[in-house]
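Colleague: Below is the structure I would like to discuss, written out as structure tokens.
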Amino acid sequence: QVPDDLSFVVSLVDALRWDHLHLAGYPRLTSTNIDRLASQSVVFEKTYAPSSYSYASVAALLTGKFPSMFPRALMRKQTGLAADEATLATLMGTAGYETIYVNDYGAELARAGFERGFKRVLRSFDDADRVTDNALTTLQSMQAHKFFMLVTYFGPHDPYRVHPGTVRFGDRFMDLYDHEIAHVDHAIGELLAGLERLALRERVVVVLLSDHGEAFGEHGTYAHGHHLHEENIRVPLIIRAPGATARRIAAEPVSLVDVVPTV
């Protein structure tokens with residue numbers, strides 16, 4: 001039975017590749033809270049980002065269109081979405097939802113039009129704990145409303161930082177990348193715990209995904225935005241919905257462009 005006030009929290013973790021999650025078989029304990037969420041969710045094991053570049057991939061995520069359907073200038077950060085471009089936020093707002101964007105990118109994405117349709121925007125930069133705090137503070141006032149919230153965590157995107165109190169795996173780039181995943185995983189755990197405390201779990205669909213992955217020398221490439229190997233574009237897509245049976249879907253490939261019609 002789908003509740004009448006069904007609401008949505010979509011969490012985007014930047015540069016999070018699928019195979020660095022413990023639930024995907026990675027030996028390091030990078031994702032304790034994401035693993036727990038996955039055990040309660042539908043997990044799409046073959047999810048592909050439509051680009052290995054954030055601007056292209058986020059545009060696709062928010063509109064349900066492939067990057068090739070946008071002007072090349074948008075992909076180069078030279079322009080934003082067209083003024084009449086429908087986004088998931090504008091669609092949800094038209095449907096009567098309160099729309100909130102808790103943004104971990106500062107003002108950069110506003111210039112691309114990616115904040116369009118959100119009635120509330122709370123910005124910070126590369127601070128996972130503040131992102132979660134901002135999200136939970138806002139959710140406290142949403143208990144009587146239907147809402148759509150997009151929450152972004154910048155953490156696993158370089159440059160990498162060291163976070164006291166978070167498990168360390170070493171000093172190589174990949175070690176620091178995994179350290180950042182673990183740090184964001186803790187923040188996501190706090191967000192999920194907050195949904196429980198606010199008695200929102202039974203009416204909130206939680207979606208966790210990423211815009212692209214990250215390369216560390218596989219196929220002779222590094223970083224992202226230049227290649228389309230698995231390490232660059234295979235990402236998590238985890239959906240926990242009231243009444244949905246937890247399961248893992250391994251055979252069917254899906255894309256981030258599927259998120260708009262699914263929500």
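Ordered as shown in the structure tokens, chains take letters A, B, and onward, while each chain numbers its residues from 1 and ligands are numbered from 1 in the order shown.
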Set the distance at 9 Å and use only C-alpha atoms: which residues neighbour stretch 109-125 of chain A once local chain neighbours fewer than 6 positions away are removed? I'd like the list as a ChimeraX atom specification.
Modeller: /A:55,58-59,62,74,77-83,86-93,98-103,131,134-135,148-149,153-154
Colleague: Please tabulate, as JSON lines, the residues of stretch 10-75 of chain A that come within 10 Å of stretch 168-178 of chain A, each with its closest pair of atoms and the distance in Å to one decimal, counting only C-alpha atoms and ordering rows by chain, then residue number upward.
Modeller:
{"residue": "A:Ala15", "atom": "CA", "partner": "A:Tyr177", "partner_atom": "CA", "distance": 9.5}
{"residue": "A:Leu16", "atom": "CA", "partner": "A:Tyr177", "partner_atom": "CA", "distance": 9.2}
{"residue": "A:His20", "atom": "CA", "partner": "A:Asp178", "partner_atom": "CA", "distance": 7.3}
{"residue": "A:Leu21", "atom": "CA", "partner": "A:Asp178", "partner_atom": "CA", "distance": 9.0}
{"residue": "A:Arg28", "atom": "CA", "partner": "A:Asp178", "partner_atom": "CA", "distance": 8.2}
{"residue": "A:Leu29", "atom": "CA", "partner": "A:Asp178", "partner_atom": "CA", "distance": 9.0}
{"residue": "A:Thr30", "atom": "CA", "partner": "A:Asp178", "partner_atom": "CA", "distance": 6.2}
{"residue": "A:Ser31", "atom": "CA", "partner": "A:Asp178", "partner_atom": "CA", "distance": 9.2}
Colleague: Deliver the residues from the most recent selection as a file, using N, CA, C and O atoms, as a PDB file, in the first residue's frame.
Modeller:
ATOM      1  N   ALA A  15      31.172  10.860  -7.744  1.00  0.00           N
ATOM      2  CA  ALA A  15      32.353  10.057  -8.090  1.00  0.00           C
ATOM      3  C   ALA A  15      32.424   8.728  -7.338  1.00  0.00           C
ATOM      4  O   ALA A  15      33.515   8.216  -7.087  1.00  0.00           O
ATOM      5  N   LEU A  16      31.281   8.150  -7.013  1.00  0.00           N
ATOM      6  CA  LEU A  16      31.251   6.893  -6.254  1.00  0.00           C
ATOM      7  C   LEU A  16      31.095   5.711  -7.211  1.00  0.00           C
ATOM      8  O   LEU A  16      30.025   5.478  -7.757  1.00  0.00           O
ATOM      9  N   HIS A  20      33.642  -0.119  -5.399  1.00  0.00           N
ATOM     10  CA  HIS A  20      34.330   0.242  -4.160  1.00  0.00           C
ATOM     11  C   HIS A  20      33.375   0.259  -2.969  1.00  0.00           C
ATOM     12  O   HIS A  20      33.731   0.746  -1.891  1.00  0.00           O
ATOM     13  N   LEU A  21      32.184  -0.290  -3.162  1.00  0.00           N
ATOM     14  CA  LEU A  21      31.259  -0.520  -2.054  1.00  0.00           C
ATOM     15  C   LEU A  21      31.446  -1.944  -1.546  1.00  0.00           C
ATOM     16  O   LEU A  21      31.568  -2.893  -2.335  1.00  0.00           O
ATOM     17  N   ARG A  28      37.352  -3.899   1.482  1.00  0.00           N
ATOM     18  CA  ARG A  28      37.423  -2.888   2.531  1.00  0.00           C
ATOM     19  C   ARG A  28      36.019  -2.516   3.020  1.00  0.00           C
ATOM     20  O   ARG A  28      35.066  -2.461   2.237  1.00  0.00           O
ATOM     21  N   LEU A  29      35.919  -2.208   4.309  1.00  0.00           N
ATOM     22  CA  LEU A  29      34.626  -1.819   4.891  1.00  0.00           C
ATOM     23  C   LEU A  29      34.410  -0.322   4.674  1.00  0.00           C
ATOM     24  O   LEU A  29      34.489   0.485   5.597  1.00  0.00           O
ATOM     25  N   THR A  30      34.127   0.046   3.438  1.00  0.00           N
ATOM     26  CA  THR A  30      33.943   1.446   3.073  1.00  0.00           C
ATOM     27  C   THR A  30      32.515   1.931   3.264  1.00  0.00           C
ATOM     28  O   THR A  30      32.281   3.144   3.331  1.00  0.00           O
ATOM     29  N   SER A  31      31.541   1.008   3.368  1.00  0.00           N
ATOM     30  CA  SER A  31      30.144   1.411   3.160  1.00  0.00           C
ATOM     31  C   SER A  31      29.170   0.719   4.107  1.00  0.00           C
ATOM     32  O   SER A  31      28.120   0.229   3.691  1.00  0.00           O
TER      33      SER A  31
END
Colleague: Determine which residues of stretch 139-220 of chain A DSSP labels as helix (DSSP H, G or I) from the backbone of this structure, then write them out as number ranges by chain.
Modeller: A: 139, 173-197, 201-203, 218-220
Colleague: Take the residues from that selection and put them in a file with N, CA and C atoms, as a short mmCIF file (atom, residue, chain, number, x, y, z; two decimals), in the first residue's frame.
Modeller:
data_model
loop_
_atom_site.label_atom_id
_atom_site.label_comp_id
_atom_site.auth_asym_id
_atom_site.auth_seq_id
_atom_site.Cartn_x
_atom_site.Cartn_y
_atom_site.Cartn_z
N LEU A 139 14.01 18.56 7.20
CA LEU A 139 13.02 17.49 7.27
C LEU A 139 12.13 17.59 8.50
N PHE A 173 46.36 7.52 -3.47
CA PHE A 173 45.13 8.17 -3.92
C PHE A 173 43.92 7.26 -3.71
N MET A 174 44.05 5.99 -4.07
CA MET A 174 42.91 5.08 -3.91
C MET A 174 42.56 4.90 -2.43
N ASP A 175 43.57 4.87 -1.56
CA ASP A 175 43.31 4.76 -0.13
C ASP A 175 42.52 5.96 0.38
N LEU A 176 42.91 7.15 -0.06
CA LEU A 176 42.23 8.36 0.36
C LEU A 176 40.81 8.43 -0.22
N TYR A 177 40.65 7.94 -1.44
CA TYR A 177 39.33 7.85 -2.05
C TYR A 177 38.41 6.97 -1.19
N ASP A 178 38.91 5.81 -0.80
CA ASP A 178 38.11 4.92 0.05
C ASP A 178 37.81 5.56 1.40
N HIS A 179 38.76 6.30 1.93
CA HIS A 179 38.56 7.03 3.18
C HIS A 179 37.42 8.04 3.03
N GLU A 180 37.36 8.73 1.90
CA GLU A 180 36.28 9.69 1.65
C GLU A 180 34.93 8.97 1.52
N ILE A 181 34.92 7.82 0.89
CA ILE A 181 33.68 7.04 0.81
C ILE A 181 33.18 6.69 2.21
N ALA A 182 34.10 6.24 3.06
CA ALA A 182 33.72 5.87 4.43
C ALA A 182 33.19 7.07 5.19
N HIS A 183 33.79 8.24 4.95
CA HIS A 183 33.32 9.45 5.64
C HIS A 183 31.91 9.83 5.20
N VAL A 184 31.65 9.78 3.91
CA VAL A 184 30.30 10.08 3.43
C VAL A 184 29.32 9.00 3.88
N ASP A 185 29.77 7.76 3.91
CA ASP A 185 28.90 6.68 4.37
C ASP A 185 28.40 6.95 5.79
N HIS A 186 29.27 7.47 6.65
CA HIS A 186 28.83 7.81 8.01
C HIS A 186 27.76 8.89 7.98
N ALA A 187 27.95 9.90 7.14
CA ALA A 187 26.96 10.98 7.05
C ALA A 187 25.63 10.46 6.53
N ILE A 188 25.68 9.55 5.59
CA ILE A 188 24.45 8.96 5.06
C ILE A 188 23.77 8.13 6.15
N GLY A 189 24.57 7.45 6.95
CA GLY A 189 23.99 6.71 8.08
C GLY A 189 23.23 7.62 9.03
N GLU A 190 23.79 8.81 9.29
CA GLU A 190 23.11 9.78 10.15
C GLU A 190 21.82 10.28 9.50
N LEU A 191 21.84 10.46 8.19
CA LEU A 191 20.62 10.88 7.48
C LEU A 191 19.53 9.81 7.59
N LEU A 192 19.90 8.57 7.39
CA LEU A 192 18.92 7.48 7.47
C LEU A 192 18.39 7.33 8.90
N ALA A 193 19.28 7.47 9.87
CA ALA A 193 18.84 7.40 11.27
C ALA A 193 17.89 8.55 11.59
N GLY A 194 18.16 9.72 11.01
CA GLY A 194 17.26 10.86 11.22
C GLY A 194 15.88 10.62 10.65
N LEU A 195 15.78 9.96 9.50
CA LEU A 195 14.47 9.62 8.95
C LEU A 195 13.70 8.72 9.91
N GLU A 196 14.41 7.82 10.57
CA GLU A 196 13.77 6.95 11.57
C GLU A 196 13.27 7.77 12.75
N ARG A 197 14.12 8.65 13.28
CA ARG A 197 13.74 9.45 14.45
C ARG A 197 12.53 10.33 14.15
N ARG A 201 10.33 7.13 7.82
CA ARG A 201 10.78 6.00 6.99
C ARG A 201 9.64 5.35 6.21
N GLU A 202 8.50 5.17 6.82
CA GLU A 202 7.43 4.41 6.19
C GLU A 202 6.71 5.17 5.08
N ARG A 203 7.08 6.43 4.87
CA ARG A 203 6.45 7.15 3.75
C ARG A 203 7.48 7.84 2.85
N GLU A 218 43.43 1.74 -13.91
CA GLU A 218 42.88 0.68 -14.73
C GLU A 218 42.79 1.18 -16.18
N HIS A 219 43.11 0.33 -17.11
CA HIS A 219 43.11 0.69 -18.53
C HIS A 219 44.05 1.88 -18.82
N GLY A 220 44.98 2.11 -17.90
CA GLY A 220 45.95 3.19 -18.10
C GLY A 220 45.38 4.58 -17.97
#
Colleague: Report, in Å with one decimal, the straight-line distance from atom CA of A:Ala24 to atom CA of A:Glu230.
Modeller: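 Computing it gives 13.5 Å between the two atoms.
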Colleague: Can you tell me how far atom CA of A:Ala60 sits from atom CA of A:Ile233, in Å to one decimal?
Modeller: 13.3 Å
Colleague: Find the residue from A:Arg76, A:His22, A:Arg234, A:Arg248 that sits nearest to A:Ser210; use only C-alpha atoms when measuring.
Modeller: A:Arg234
Colleague: Where in stretch 20-242 of chain A does DSSP assign strand (DSSP E or B), given as a VMD selection string?
Modeller: chain A and resid 42 to 44 47 to 48 98 to 103 105 120 to 123 125 147 to 153 204 to 209 215 to 216 222 to 223 234 to 235 237 to 240
Colleague: Which residue, A:Leu228, A:Asp129, A:Gly213, A:Pro164, has the smallest gap to A:Val151 when you use only C-alpha atoms?
Modeller: A:Asp129
Colleague: If we count only C-alpha atoms and set the cut-off at 10 Å, which residues sit around A:Leu37, ignoring sequence neighbours fewer than 5 positions away in its own chain? Please answer as a ChimeraX atom specification.
Modeller: /A:31-32,42-43,188-189,192,206-208,238-240,246
Colleague: I'd like to know which of A:Pro3, A:Pro236, A:Gly64, A:Pro242 is closest to A:Leu23, using only C-alpha atoms.
Modeller: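 Under the stated criterion, the closest residue is A:Pro236.
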Colleague: Expressed in Å to a single decimal, how great is the separation between atom CA of A:Asp126 and atom CA of A:Phe8?
Modeller: 22.8 Å
Colleague: Kindly indicate which residue among A:Thr166, A:Val254, A:Ala215, A:Val205 lies nearest to A:Lys146, using only C-alpha atoms for the distances.
Modeller: A:Val205
Colleague: Can you tell me which residues surround A:Asn232 at a distance of at most 12 Å, considering only C-alpha atoms, apart from same-chain residues fewer than 5 positions away, and format the answer as a PyMOL selection string?
Modeller: chain A and resi 14-20+47-54+57+210-219+221-227
